[in-house]
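Worksheet: the structure to be examined is printed underneath.
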Amino acid sequence: MTVDEGVDITGDRGVLKRIIKVGEGTETPNQGCHVSVHYTGTLLDGTKFDSSRDRNEPFQFCLGKDSVIKAWDIGVATMKKGEVCVLTCAPEYAYGASGSPPKIPPNATLQFEIEMLDWKLEDLSPDKKNGILRHIITKGSGFDSPNDGALVTVELEGKLQADGKVFDTRTVTFNLGEGSDHNICEGVERALEKFLKGEKSRLIIKPKYAFKTKGNQELGVPPDATVEYEVTLTNFEKAKDSWQMDGAENLDNAKIFKEKGTNYFKESKYQLAIKMYKKVVSLLDDLANNTIEPEEIRAKAKELLTSAHLNLALVYLKVTPVHHFEAREHATKALKFDENNVKGLFRRGQASLGLGEAEAALRDFQKVVELEPQNKAAANQLIVCRATIQKQKQKEKQLYANMFDKFAKHDSEIEKIRAREQVDVIGEKVGEWGTGEGEWTDEQRDRKPTEFEKENPNILMLDKDGQFENM
């Protein structure tokens, strides 16, 4: 290798890099970044086959996603902002034995002069509005990433983007999806699902995926704060998916999640409780009706499912704002397993009452009282339902009364218009105001409809015999 050839950046002389202009700073783009470059591509004999400069339009692509030739994914990832370099690319790192006819022949070694203009960090937010940006500092190893429920151990440092104040420095182990119980924000959890083991990255997280409008008083994060984290994933153990476990294992895991959900509920951590109960449902929904499984397993699955749906109904009635639709849905699902389940009937009644459907609520509470005559809570709800129904009927009665009043007023106005139009539109009758009673003049007989008549074709007018007709 000579000085002119540049540095071997692949170790097998597949891509040689020669820097023409040194770039700024120390940072380089990483996989997932959207880069913007200018380039000119030539064969080794100097023949130009492509140039973004000729088009006067920078070329943009997502780094490390196989959207360009292999040499570019490798070489551009080493460039700093403002840097200009030449990449000499062996065929196996370019277009290979087939080339890219008609401009690039088979087995061609190519040279690209590339200028790094800028890049945007990888956006990991679901809505792709730059809510969670990642810059990889140290690449991880392997191919696996943590999944929902995985046990992860991370080293992290969090600071406020506004003033650089550090608010969190620690090593913490938690189950992915339950980070809020450890003051880990949603943005960090979502990002960790993309990490490889050993990876260290800088995350820029907007309030929507950080600590939102409330902030975090315990950590000293103010409301609506954008935060930055440096996070290293030191270790993780993936959670098993339901299909990887037999019926007994799914039951055991469901019991664990149910217990977690109950604990979170007691601590008023309702969103975490909902997550845990939903995991119970996810694990057992198919198992309860799987005829391959023993009857004992299916019976226990149905019991746990009933409990999970009942608990979800209860939590949805507790959260703010109250989710009455979801509460009623889960209560109904519990009642499919046991139509006389008092808790299911009571919670569905509460949800229906909250939705303004007092008649449906009344039926559920009546059934509770039939099943448990001493149930005072249900008896009290019956009183509330009847009072609500009475109020609704009174409102309906008043509404109809108001409607009839409006109709009567409307009819009165129409009559006035008719009377006025008889004079204004029909004109003079001969004999009364002109030539003789009961006859029309030629002018009256041949007149054209007025604009009012055209716009109001259903208004009744007097015909020449003094009878009403529809004009």
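Simple scheme: letters A, B, ... for chains in structure tokens order, numbers from 1 for residues in each chain, numbers from 1 for ligands in the order shown.
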Item to check | Polymer residues at most 6 Å from Thr232 in chain A, only C-alpha atoms, same-chain spacing of 5 or more positions, as a list in words | outcome: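 In the requested format, the answer is Val154, Glu155, Glu199 and Lys200 of chain A.
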Item to check | Test item: residues at most 12 Å from Asn175 in chain A, only C-alpha atoms, excluding those fewer than 6 positions along its chain, as a ChimeraX atom specification | outcome: /A:146-154,181-182,184,189,192-193,235-239,257,260,272,276
Next on the checklist: When you look at Arg13 in chain A with a cut-off of 10 Å (counting only C-alpha atoms), what residues show up, excluding the ones that are within fewer than 5 positions of it in the same chain? I need them as an NGL selection string.
Outcome noted: :A and (1 or 5 or 7-8 or 88-90)
Could you produce a table of the residues of range 243-282 of chain A lying within 10 Å of range 314-335 of chain A, with the nearest pair of atoms per residue and their separation in Å rounded to one decimal, using only C-alpha atoms, ordered by chain and increasing residue number, as CSV?
residue,atom,partner,partner_atom,distance
A:Gly261,CA,A:Val315,CA,9.9
A:Thr262,CA,A:Val315,CA,10.0
A:Phe265,CA,A:Val315,CA,7.4
A:Ser268,CA,A:Lys318,CA,8.9
A:Lys269,CA,A:Val319,CA,9.3
A:Tyr270,CA,A:Val315,CA,6.4
A:Gln271,CA,A:Val319,CA,8.1
A:Ala273,CA,A:Val315,CA,7.6
A:Ile274,CA,A:Val315,CA,7.0
A:Tyr277,CA,A:Val315,CA,9.7
Restricted to C-alpha atoms, what would the selected residues look like written as a PDB file, in the first residue's frame?
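As written to disk, again-v7.pdb reads:
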ATOM      1  CA  GLY A 261     -50.208  -6.333  38.780  1.00  0.00           C
ATOM      2  CA  THR A 262     -51.899  -6.595  42.151  1.00  0.00           C
ATOM      3  CA  PHE A 265     -52.468  -1.633  41.889  1.00  0.00           C
ATOM      4  CA  SER A 268     -51.697   3.143  42.834  1.00  0.00           C
ATOM      5  CA  LYS A 269     -49.353   2.514  39.894  1.00  0.00           C
ATOM      6  CA  TYR A 270     -52.296   1.857  37.636  1.00  0.00           C
ATOM      7  CA  GLN A 271     -50.548   1.932  34.248  1.00  0.00           C
ATOM      8  CA  ALA A 273     -50.911  -2.758  36.830  1.00  0.00           C
ATOM      9  CA  ILE A 274     -52.673  -2.636  33.459  1.00  0.00           C
ATOM     10  CA  TYR A 277     -52.775  -7.881  33.797  1.00  0.00           C
TER      11      TYR A 277
END
Can you pull out every residue within 9 Å of range 129-139 of chain A, counting only C-alpha atoms, but drop anything in the same chain fewer than 3 positions away, and send it as a PDB file with all heavy atoms, in the first residue's frame?
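Result went into result_11.pdb, see below:
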ATOM      1  N   GLU A  27     -16.970  13.228  16.221  1.00  0.00           N
ATOM      2  CA  GLU A  27     -18.111  12.348  16.013  1.00  0.00           C
ATOM      3  C   GLU A  27     -18.255  11.927  14.558  1.00  0.00           C
ATOM      4  O   GLU A  27     -17.965  12.693  13.635  1.00  0.00           O
ATOM      5  CB  GLU A  27     -19.405  13.022  16.482  1.00  0.00           C
ATOM      6  CG  GLU A  27     -19.484  13.181  17.985  1.00  0.00           C
ATOM      7  CD  GLU A  27     -20.866  13.631  18.447  1.00  0.00           C
ATOM      8  OE1 GLU A  27     -21.706  13.959  17.578  1.00  0.00           O
ATOM      9  OE2 GLU A  27     -21.107  13.641  19.666  1.00  0.00           O
ATOM     10  N   PRO A  29     -21.084   9.432  11.956  1.00  0.00           N
ATOM     11  CA  PRO A  29     -22.433   8.864  11.954  1.00  0.00           C
ATOM     12  C   PRO A  29     -22.396   7.358  12.228  1.00  0.00           C
ATOM     13  O   PRO A  29     -21.375   6.706  12.008  1.00  0.00           O
ATOM     14  CB  PRO A  29     -22.936   9.144  10.540  1.00  0.00           C
ATOM     15  CG  PRO A  29     -21.693   9.205   9.714  1.00  0.00           C
ATOM     16  CD  PRO A  29     -20.649   9.812  10.596  1.00  0.00           C
ATOM     17  N   ASN A  30     -23.487   6.844  12.724  1.00  0.00           N
ATOM     18  CA  ASN A  30     -23.550   5.407  12.989  1.00  0.00           C
ATOM     19  C   ASN A  30     -24.767   4.800  12.290  1.00  0.00           C
ATOM     20  O   ASN A  30     -25.566   5.503  11.672  1.00  0.00           O
ATOM     21  CB  ASN A  30     -23.623   5.122  14.492  1.00  0.00           C
ATOM     22  CG  ASN A  30     -24.728   5.892  15.190  1.00  0.00           C
ATOM     23  OD1 ASN A  30     -24.484   6.917  15.831  1.00  0.00           O
ATOM     24  ND2 ASN A  30     -25.971   5.422  15.059  1.00  0.00           N
ATOM     25  N   GLN A  31     -24.886   3.515  12.383  1.00  0.00           N
ATOM     26  CA  GLN A  31     -25.991   2.809  11.746  1.00  0.00           C
ATOM     27  C   GLN A  31     -27.325   3.418  12.140  1.00  0.00           C
ATOM     28  O   GLN A  31     -27.596   3.664  13.310  1.00  0.00           O
ATOM     29  CB  GLN A  31     -25.965   1.347  12.161  1.00  0.00           C
ATOM     30  CG  GLN A  31     -27.103   0.521  11.565  1.00  0.00           C
ATOM     31  CD  GLN A  31     -26.989  -0.941  11.903  1.00  0.00           C
ATOM     32  OE1 GLN A  31     -25.916  -1.520  11.825  1.00  0.00           O
ATOM     33  NE2 GLN A  31     -28.099  -1.546  12.288  1.00  0.00           N
ATOM     34  N   GLY A  32     -28.146   3.672  11.133  1.00  0.00           N
ATOM     35  CA  GLY A  32     -29.462   4.264  11.375  1.00  0.00           C
ATOM     36  C   GLY A  32     -29.501   5.759  11.140  1.00  0.00           C
ATOM     37  O   GLY A  32     -30.597   6.324  10.991  1.00  0.00           O
ATOM     38  N   CYS A  33     -28.361   6.415  11.096  1.00  0.00           N
ATOM     39  CA  CYS A  33     -28.334   7.852  10.832  1.00  0.00           C
ATOM     40  C   CYS A  33     -28.678   8.132   9.359  1.00  0.00           C
ATOM     41  O   CYS A  33     -28.331   7.358   8.466  1.00  0.00           O
ATOM     42  CB  CYS A  33     -26.953   8.437  11.134  1.00  0.00           C
ATOM     43  SG  CYS A  33     -26.576   8.573  12.887  1.00  0.00           S
ATOM     44  N   LYS A 120     -28.336  13.213  10.355  1.00  0.00           N
ATOM     45  CA  LYS A 120     -29.314  13.281  11.426  1.00  0.00           C
ATOM     46  C   LYS A 120     -29.275  11.984  12.204  1.00  0.00           C
ATOM     47  O   LYS A 120     -29.157  10.907  11.624  1.00  0.00           O
ATOM     48  CB  LYS A 120     -30.729  13.515  10.853  1.00  0.00           C
ATOM     49  CG  LYS A 120     -30.900  14.851  10.177  1.00  0.00           C
ATOM     50  CD  LYS A 120     -32.317  15.013   9.626  1.00  0.00           C
ATOM     51  CE  LYS A 120     -32.489  16.357   8.943  1.00  0.00           C
ATOM     52  NZ  LYS A 120     -33.858  16.523   8.370  1.00  0.00           N
ATOM     53  N   LEU A 121     -29.399  12.118  13.528  1.00  0.00           N
ATOM     54  CA  LEU A 121     -29.330  10.934  14.370  1.00  0.00           C
ATOM     55  C   LEU A 121     -30.498   9.985  14.098  1.00  0.00           C
ATOM     56  O   LEU A 121     -31.559  10.388  13.627  1.00  0.00           O
ATOM     57  CB  LEU A 121     -29.335  11.339  15.846  1.00  0.00           C
ATOM     58  CG  LEU A 121     -28.139  12.164  16.332  1.00  0.00           C
ATOM     59  CD1 LEU A 121     -28.298  12.490  17.812  1.00  0.00           C
ATOM     60  CD2 LEU A 121     -26.829  11.431  16.093  1.00  0.00           C
ATOM     61  N   GLU A 122     -30.280   8.726  14.417  1.00  0.00           N
ATOM     62  CA  GLU A 122     -31.303   7.707  14.239  1.00  0.00           C
ATOM     63  C   GLU A 122     -32.499   8.012  15.142  1.00  0.00           C
ATOM     64  O   GLU A 122     -32.346   8.266  16.331  1.00  0.00           O
ATOM     65  CB  GLU A 122     -30.715   6.341  14.585  1.00  0.00           C
ATOM     66  CG  GLU A 122     -31.681   5.188  14.409  1.00  0.00           C
ATOM     67  CD  GLU A 122     -31.059   3.852  14.795  1.00  0.00           C
ATOM     68  OE1 GLU A 122     -29.962   3.861  15.410  1.00  0.00           O
ATOM     69  OE2 GLU A 122     -31.671   2.820  14.491  1.00  0.00           O
ATOM     70  N   ASP A 123     -33.686   7.980  14.547  1.00  0.00           N
ATOM     71  CA  ASP A 123     -34.916   8.279  15.277  1.00  0.00           C
ATOM     72  C   ASP A 123     -35.604   6.974  15.668  1.00  0.00           C
ATOM     73  O   ASP A 123     -36.061   6.216  14.816  1.00  0.00           O
ATOM     74  CB  ASP A 123     -35.842   9.122  14.396  1.00  0.00           C
ATOM     75  CG  ASP A 123     -37.106   9.571  15.123  1.00  0.00           C
ATOM     76  OD1 ASP A 123     -37.237   9.278  16.332  1.00  0.00           O
ATOM     77  OD2 ASP A 123     -37.949  10.220  14.477  1.00  0.00           O
ATOM     78  N   LEU A 124     -35.685   6.709  16.976  1.00  0.00           N
ATOM     79  CA  LEU A 124     -36.282   5.472  17.476  1.00  0.00           C
ATOM     80  C   LEU A 124     -37.718   5.662  17.966  1.00  0.00           C
ATOM     81  O   LEU A 124     -38.339   4.704  18.436  1.00  0.00           O
ATOM     82  CB  LEU A 124     -35.432   4.910  18.631  1.00  0.00           C
ATOM     83  CG  LEU A 124     -33.976   4.561  18.320  1.00  0.00           C
ATOM     84  CD1 LEU A 124     -33.296   4.009  19.572  1.00  0.00           C
ATOM     85  CD2 LEU A 124     -33.882   3.564  17.190  1.00  0.00           C
ATOM     86  N   SER A 125     -38.256   6.879  17.839  1.00  0.00           N
ATOM     87  CA  SER A 125     -39.603   7.119  18.355  1.00  0.00           C
ATOM     88  C   SER A 125     -40.645   6.493  17.427  1.00  0.00           C
ATOM     89  O   SER A 125     -40.453   6.446  16.210  1.00  0.00           O
ATOM     90  CB  SER A 125     -39.866   8.619  18.496  1.00  0.00           C
ATOM     91  OG  SER A 125     -39.715   9.275  17.252  1.00  0.00           O
ATOM     92  N   PRO A 126     -41.749   6.002  17.981  1.00  0.00           N
ATOM     93  CA  PRO A 126     -42.776   5.347  17.165  1.00  0.00           C
ATOM     94  C   PRO A 126     -43.367   6.254  16.093  1.00  0.00           C
ATOM     95  O   PRO A 126     -43.686   5.798  15.009  1.00  0.00           O
ATOM     96  CB  PRO A 126     -43.845   4.951  18.193  1.00  0.00           C
ATOM     97  CG  PRO A 126     -43.145   4.920  19.504  1.00  0.00           C
ATOM     98  CD  PRO A 126     -42.075   5.963  19.417  1.00  0.00           C
ATOM     99  N   GLY A 187     -38.654   6.624  26.967  1.00  0.00           N
ATOM    100  CA  GLY A 187     -37.695   6.733  25.868  1.00  0.00           C
ATOM    101  C   GLY A 187     -36.496   5.811  26.033  1.00  0.00           C
ATOM    102  O   GLY A 187     -36.015   5.209  25.062  1.00  0.00           O
ATOM    103  N   VAL A 188     -35.988   5.689  27.248  1.00  0.00           N
ATOM    104  CA  VAL A 188     -34.857   4.783  27.506  1.00  0.00           C
ATOM    105  C   VAL A 188     -35.285   3.338  27.268  1.00  0.00           C
ATOM    106  O   VAL A 188     -34.559   2.551  26.651  1.00  0.00           O
ATOM    107  CB  VAL A 188     -34.335   4.965  28.946  1.00  0.00           C
ATOM    108  CG1 VAL A 188     -33.324   3.874  29.295  1.00  0.00           C
ATOM    109  CG2 VAL A 188     -33.690   6.341  29.113  1.00  0.00           C
ATOM    110  N   ARG A 190     -37.727   2.176  25.334  1.00  0.00           N
ATOM    111  CA  ARG A 190     -37.926   1.920  23.908  1.00  0.00           C
ATOM    112  C   ARG A 190     -36.589   1.787  23.187  1.00  0.00           C
ATOM    113  O   ARG A 190     -36.422   0.946  22.302  1.00  0.00           O
ATOM    114  CB  ARG A 190     -38.756   3.039  23.276  1.00  0.00           C
ATOM    115  CG  ARG A 190     -40.231   2.984  23.641  1.00  0.00           C
ATOM    116  CD  ARG A 190     -41.017   4.032  22.861  1.00  0.00           C
ATOM    117  NE  ARG A 190     -42.438   3.989  23.141  1.00  0.00           N
ATOM    118  CZ  ARG A 190     -43.303   3.220  22.507  1.00  0.00           C
ATOM    119  NH1 ARG A 190     -42.871   2.398  21.543  1.00  0.00           N
ATOM    120  NH2 ARG A 190     -44.593   3.235  22.801  1.00  0.00           N
ATOM    121  N   ALA A 191     -35.629   2.630  23.558  1.00  0.00           N
ATOM    122  CA  ALA A 191     -34.310   2.566  22.923  1.00  0.00           C
ATOM    123  C   ALA A 191     -33.602   1.256  23.230  1.00  0.00           C
ATOM    124  O   ALA A 191     -32.959   0.654  22.358  1.00  0.00           O
ATOM    125  CB  ALA A 191     -33.458   3.753  23.374  1.00  0.00           C
ATOM    126  N   PHE A 195     -30.864  -1.984  21.424  1.00  0.00           N
ATOM    127  CA  PHE A 195     -29.467  -2.115  21.832  1.00  0.00           C
ATOM    128  C   PHE A 195     -28.970  -3.549  21.642  1.00  0.00           C
ATOM    129  O   PHE A 195     -29.737  -4.511  21.748  1.00  0.00           O
ATOM    130  CB  PHE A 195     -29.299  -1.747  23.310  1.00  0.00           C
ATOM    131  CG  PHE A 195     -29.114  -0.279  23.587  1.00  0.00           C
ATOM    132  CD1 PHE A 195     -29.916   0.664  22.978  1.00  0.00           C
ATOM    133  CD2 PHE A 195     -28.145   0.155  24.480  1.00  0.00           C
ATOM    134  CE1 PHE A 195     -29.765   2.017  23.242  1.00  0.00           C
ATOM    135  CE2 PHE A 195     -27.973   1.498  24.756  1.00  0.00           C
ATOM    136  CZ  PHE A 195     -28.783   2.436  24.130  1.00  0.00           C
ATOM    137  N   LEU A 196     -27.672  -3.657  21.389  1.00  0.00           N
ATOM    138  CA  LEU A 196     -26.990  -4.933  21.464  1.00  0.00           C
ATOM    139  C   LEU A 196     -26.204  -4.980  22.779  1.00  0.00           C
ATOM    140  O   LEU A 196     -25.924  -3.936  23.377  1.00  0.00           O
ATOM    141  CB  LEU A 196     -26.030  -5.109  20.282  1.00  0.00           C
ATOM    142  CG  LEU A 196     -26.666  -5.090  18.881  1.00  0.00           C
ATOM    143  CD1 LEU A 196     -25.579  -5.176  17.813  1.00  0.00           C
ATOM    144  CD2 LEU A 196     -27.655  -6.224  18.719  1.00  0.00           C
ATOM    145  N   LYS A 197     -25.855  -6.161  23.196  1.00  0.00           N
ATOM    146  CA  LYS A 197     -25.132  -6.303  24.461  1.00  0.00           C
ATOM    147  C   LYS A 197     -23.796  -5.557  24.396  1.00  0.00           C
ATOM    148  O   LYS A 197     -23.037  -5.698  23.438  1.00  0.00           O
ATOM    149  CB  LYS A 197     -24.886  -7.782  24.761  1.00  0.00           C
ATOM    150  CG  LYS A 197     -24.251  -8.028  26.116  1.00  0.00           C
ATOM    151  CD  LYS A 197     -24.111  -9.514  26.387  1.00  0.00           C
ATOM    152  CE  LYS A 197     -23.456  -9.768  27.747  1.00  0.00           C
ATOM    153  NZ  LYS A 197     -23.331 -11.219  28.038  1.00  0.00           N
ATOM    154  N   GLY A 198     -23.535  -4.739  25.429  1.00  0.00           N
ATOM    155  CA  GLY A 198     -22.294  -3.972  25.482  1.00  0.00           C
ATOM    156  C   GLY A 198     -22.371  -2.619  24.804  1.00  0.00           C
ATOM    157  O   GLY A 198     -21.440  -1.816  24.904  1.00  0.00           O
ATOM    158  N   GLU A 199     -23.461  -2.326  24.131  1.00  0.00           N
ATOM    159  CA  GLU A 199     -23.594  -1.048  23.424  1.00  0.00           C
ATOM    160  C   GLU A 199     -23.677   0.119  24.405  1.00  0.00           C
ATOM    161  O   GLU A 199     -24.314   0.036  25.442  1.00  0.00           O
ATOM    162  CB  GLU A 199     -24.847  -1.065  22.549  1.00  0.00           C
ATOM    163  CG  GLU A 199     -25.098   0.270  21.834  1.00  0.00           C
ATOM    164  CD  GLU A 199     -26.373   0.269  21.020  1.00  0.00           C
ATOM    165  OE1 GLU A 199     -26.732  -0.793  20.460  1.00  0.00           O
ATOM    166  OE2 GLU A 199     -27.031   1.326  20.944  1.00  0.00           O
ATOM    167  N   LYS A 200     -23.013   1.209  24.014  1.00  0.00           N
ATOM    168  CA  LYS A 200     -23.121   2.465  24.743  1.00  0.00           C
ATOM    169  C   LYS A 200     -23.598   3.523  23.771  1.00  0.00           C
ATOM    170  O   LYS A 200     -23.010   3.701  22.700  1.00  0.00           O
ATOM    171  CB  LYS A 200     -21.779   2.875  25.346  1.00  0.00           C
ATOM    172  CG  LYS A 200     -21.817   4.190  26.125  1.00  0.00           C
ATOM    173  CD  LYS A 200     -20.453   4.528  26.702  1.00  0.00           C
ATOM    174  CE  LYS A 200     -20.481   5.812  27.521  1.00  0.00           C
ATOM    175  NZ  LYS A 200     -19.142   6.138  28.084  1.00  0.00           N
ATOM    176  N   SER A 201     -24.676   4.192  24.110  1.00  0.00           N
ATOM    177  CA  SER A 201     -25.242   5.199  23.209  1.00  0.00           C
ATOM    178  C   SER A 201     -25.664   6.439  23.969  1.00  0.00           C
ATOM    179  O   SER A 201     -25.952   6.388  25.165  1.00  0.00           O
ATOM    180  CB  SER A 201     -26.463   4.630  22.472  1.00  0.00           C
ATOM    181  OG  SER A 201     -26.080   3.700  21.499  1.00  0.00           O
ATOM    182  N   ARG A 202     -25.695   7.549  23.227  1.00  0.00           N
ATOM    183  CA  ARG A 202     -26.249   8.792  23.763  1.00  0.00           C
ATOM    184  C   ARG A 202     -27.662   8.934  23.211  1.00  0.00           C
ATOM    185  O   ARG A 202     -27.901   8.798  22.006  1.00  0.00           O
ATOM    186  CB  ARG A 202     -25.406   9.993  23.349  1.00  0.00           C
ATOM    187  CG  ARG A 202     -25.891  11.300  23.988  1.00  0.00           C
ATOM    188  CD  ARG A 202     -25.013  12.485  23.674  1.00  0.00           C
ATOM    189  NE  ARG A 202     -25.245  13.006  22.333  1.00  0.00           N
ATOM    190  CZ  ARG A 202     -24.407  12.873  21.319  1.00  0.00           C
ATOM    191  NH1 ARG A 202     -23.267  12.211  21.483  1.00  0.00           N
ATOM    192  NH2 ARG A 202     -24.681  13.384  20.136  1.00  0.00           N
ATOM    193  N   LEU A 203     -28.604   9.190  24.093  1.00  0.00           N
ATOM    194  CA  LEU A 203     -30.006   9.344  23.720  1.00  0.00           C
ATOM    195  C   LEU A 203     -30.466  10.762  24.016  1.00  0.00           C
ATOM    196  O   LEU A 203     -30.182  11.302  25.088  1.00  0.00           O
ATOM    197  CB  LEU A 203     -30.893   8.359  24.496  1.00  0.00           C
ATOM    198  CG  LEU A 203     -30.534   6.869  24.418  1.00  0.00           C
ATOM    199  CD1 LEU A 203     -31.439   6.069  25.352  1.00  0.00           C
ATOM    200  CD2 LEU A 203     -30.655   6.357  22.986  1.00  0.00           C
ATOM    201  N   ILE A 204     -31.157  11.359  23.068  1.00  0.00           N
ATOM    202  CA  ILE A 204     -31.800  12.660  23.272  1.00  0.00           C
ATOM    203  C   ILE A 204     -33.300  12.404  23.239  1.00  0.00           C
ATOM    204  O   ILE A 204     -33.842  11.939  22.223  1.00  0.00           O
ATOM    205  CB  ILE A 204     -31.399  13.674  22.191  1.00  0.00           C
ATOM    206  CG1 ILE A 204     -29.879  13.871  22.192  1.00  0.00           C
ATOM    207  CG2 ILE A 204     -32.108  15.008  22.412  1.00  0.00           C
ATOM    208  CD1 ILE A 204     -29.372  14.728  21.038  1.00  0.00           C
ATOM    209  N   ILE A 205     -33.975  12.684  24.350  1.00  0.00           N
ATOM    210  CA  ILE A 205     -35.373  12.276  24.510  1.00  0.00           C
ATOM    211  C   ILE A 205     -36.241  13.497  24.813  1.00  0.00           C
ATOM    212  O   ILE A 205     -36.024  14.197  25.806  1.00  0.00           O
ATOM    213  CB  ILE A 205     -35.507  11.232  25.641  1.00  0.00           C
ATOM    214  CG1 ILE A 205     -34.548  10.061  25.385  1.00  0.00           C
ATOM    215  CG2 ILE A 205     -36.943  10.744  25.745  1.00  0.00           C
ATOM    216  CD1 ILE A 205     -34.503   9.057  26.518  1.00  0.00           C
ATOM    217  N   LYS A 206     -37.231  13.703  23.972  1.00  0.00           N
ATOM    218  CA  LYS A 206     -38.159  14.821  24.171  1.00  0.00           C
ATOM    219  C   LYS A 206     -39.166  14.489  25.273  1.00  0.00           C
ATOM    220  O   LYS A 206     -39.352  13.323  25.621  1.00  0.00           O
ATOM    221  CB  LYS A 206     -38.873  15.142  22.853  1.00  0.00           C
ATOM    222  CG  LYS A 206     -37.951  15.790  21.822  1.00  0.00           C
ATOM    223  CD  LYS A 206     -38.721  16.210  20.582  1.00  0.00           C
ATOM    224  CE  LYS A 206     -37.804  16.914  19.589  1.00  0.00           C
ATOM    225  NZ  LYS A 206     -38.532  17.294  18.350  1.00  0.00           N
ATOM    226  N   PRO A 207     -39.832  15.527  25.806  1.00  0.00           N
ATOM    227  CA  PRO A 207     -40.739  15.319  26.961  1.00  0.00           C
ATOM    228  C   PRO A 207     -41.766  14.214  26.771  1.00  0.00           C
ATOM    229  O   PRO A 207     -42.088  13.493  27.716  1.00  0.00           O
ATOM    230  CB  PRO A 207     -41.414  16.682  27.120  1.00  0.00           C
ATOM    231  CG  PRO A 207     -40.430  17.653  26.552  1.00  0.00           C
ATOM    232  CD  PRO A 207     -39.734  16.951  25.432  1.00  0.00           C
ATOM    233  N   LYS A 208     -42.297  14.063  25.558  1.00  0.00           N
ATOM    234  CA  LYS A 208     -43.337  13.056  25.310  1.00  0.00           C
ATOM    235  C   LYS A 208     -42.882  11.666  25.716  1.00  0.00           C
ATOM    236  O   LYS A 208     -43.680  10.849  26.187  1.00  0.00           O
ATOM    237  CB  LYS A 208     -43.725  13.073  23.825  1.00  0.00           C
ATOM    238  CG  LYS A 208     -44.784  12.055  23.454  1.00  0.00           C
ATOM    239  CD  LYS A 208     -45.152  12.157  21.981  1.00  0.00           C
ATOM    240  CE  LYS A 208     -46.192  11.118  21.599  1.00  0.00           C
ATOM    241  NZ  LYS A 208     -46.570  11.224  20.158  1.00  0.00           N
ATOM    242  N   TYR A 209     -41.598  11.376  25.530  1.00  0.00           N
ATOM    243  CA  TYR A 209     -41.052  10.058  25.867  1.00  0.00           C
ATOM    244  C   TYR A 209     -40.120  10.113  27.079  1.00  0.00           C
ATOM    245  O   TYR A 209     -39.488   9.124  27.412  1.00  0.00           O
ATOM    246  CB  TYR A 209     -40.307   9.473  24.658  1.00  0.00           C
ATOM    247  CG  TYR A 209     -41.208   9.277  23.468  1.00  0.00           C
ATOM    248  CD1 TYR A 209     -41.200  10.184  22.406  1.00  0.00           C
ATOM    249  CD2 TYR A 209     -42.098   8.214  23.419  1.00  0.00           C
ATOM    250  CE1 TYR A 209     -42.039  10.018  21.319  1.00  0.00           C
ATOM    251  CE2 TYR A 209     -42.939   8.038  22.330  1.00  0.00           C
ATOM    252  CZ  TYR A 209     -42.906   8.939  21.284  1.00  0.00           C
ATOM    253  OH  TYR A 209     -43.748   8.770  20.207  1.00  0.00           O
ATOM    254  N   ALA A 210     -40.070  11.282  27.713  1.00  0.00           N
ATOM    255  CA  ALA A 210     -39.244  11.422  28.926  1.00  0.00           C
ATOM    256  C   ALA A 210     -40.174  11.477  30.132  1.00  0.00           C
ATOM    257  O   ALA A 210     -40.844  10.501  30.449  1.00  0.00           O
ATOM    258  CB  ALA A 210     -38.364  12.664  28.811  1.00  0.00           C
ATOM    259  N   GLU A 230     -26.668   8.934  28.626  1.00  0.00           N
ATOM    260  CA  GLU A 230     -25.664   7.997  28.114  1.00  0.00           C
ATOM    261  C   GLU A 230     -25.978   6.666  28.773  1.00  0.00           C
ATOM    262  O   GLU A 230     -25.973   6.560  30.008  1.00  0.00           O
ATOM    263  CB  GLU A 230     -24.241   8.455  28.433  1.00  0.00           C
ATOM    264  CG  GLU A 230     -23.722   9.494  27.454  1.00  0.00           C
ATOM    265  CD  GLU A 230     -22.211   9.677  27.526  1.00  0.00           C
ATOM    266  OE1 GLU A 230     -21.553   8.922  28.296  1.00  0.00           O
ATOM    267  OE2 GLU A 230     -21.690  10.569  26.824  1.00  0.00           O
ATOM    268  N   THR A 232     -25.414   2.391  28.817  1.00  0.00           N
ATOM    269  CA  THR A 232     -24.669   1.194  28.421  1.00  0.00           C
ATOM    270  C   THR A 232     -25.457  -0.033  28.853  1.00  0.00           C
ATOM    271  O   THR A 232     -25.824  -0.160  30.030  1.00  0.00           O
ATOM    272  CB  THR A 232     -23.276   1.159  29.073  1.00  0.00           C
ATOM    273  OG1 THR A 232     -22.560   2.345  28.716  1.00  0.00           O
ATOM    274  CG2 THR A 232     -22.490  -0.070  28.608  1.00  0.00           C
TER     275      THR A 232
END
Item to check | Which of A:Asp73, A:Glu157, A:Asp50, A:Glu293 sits closest to His34 in chain A [using only C-alpha atoms] | outcome: A:Asp73
Item to check | Residues flagged helix (DSSP H, G or I) by DSSP in range 204-261 of chain A, as a ChimeraX atom specification | outcome: /A:207-209,242-244,247-261
Next on the checklist: Quick one: residues within 10 Å of Ile383 in chain A, only C-alpha atoms, excluding same-chain residues fewer than 6 positions away - as JSON, numbers by chain?
Outcome noted: {"A": [362, 365, 389]}
Produce a file of the selected residues containing N, CA and C atoms, as a short mmCIF file (atom, residue, chain, number, x, y, z; two decimals), in the first residue's frame.
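To be explicit, this is the file written out as part.cif:
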data_model
loop_
_atom_site.label_atom_id
_atom_site.label_comp_id
_atom_site.auth_asym_id
_atom_site.auth_seq_id
_atom_site.Cartn_x
_atom_site.Cartn_y
_atom_site.Cartn_z
N LEU A 362 -78.75 -0.74 35.49
CA LEU A 362 -79.81 -1.20 36.38
C LEU A 362 -79.97 -2.73 36.31
N PHE A 365 -77.03 -4.42 38.18
CA PHE A 365 -77.12 -4.28 39.64
C PHE A 365 -78.30 -5.10 40.20
N ILE A 389 -82.28 7.43 35.77
CA ILE A 389 -83.29 7.18 34.73
C ILE A 389 -84.41 8.21 34.80
#
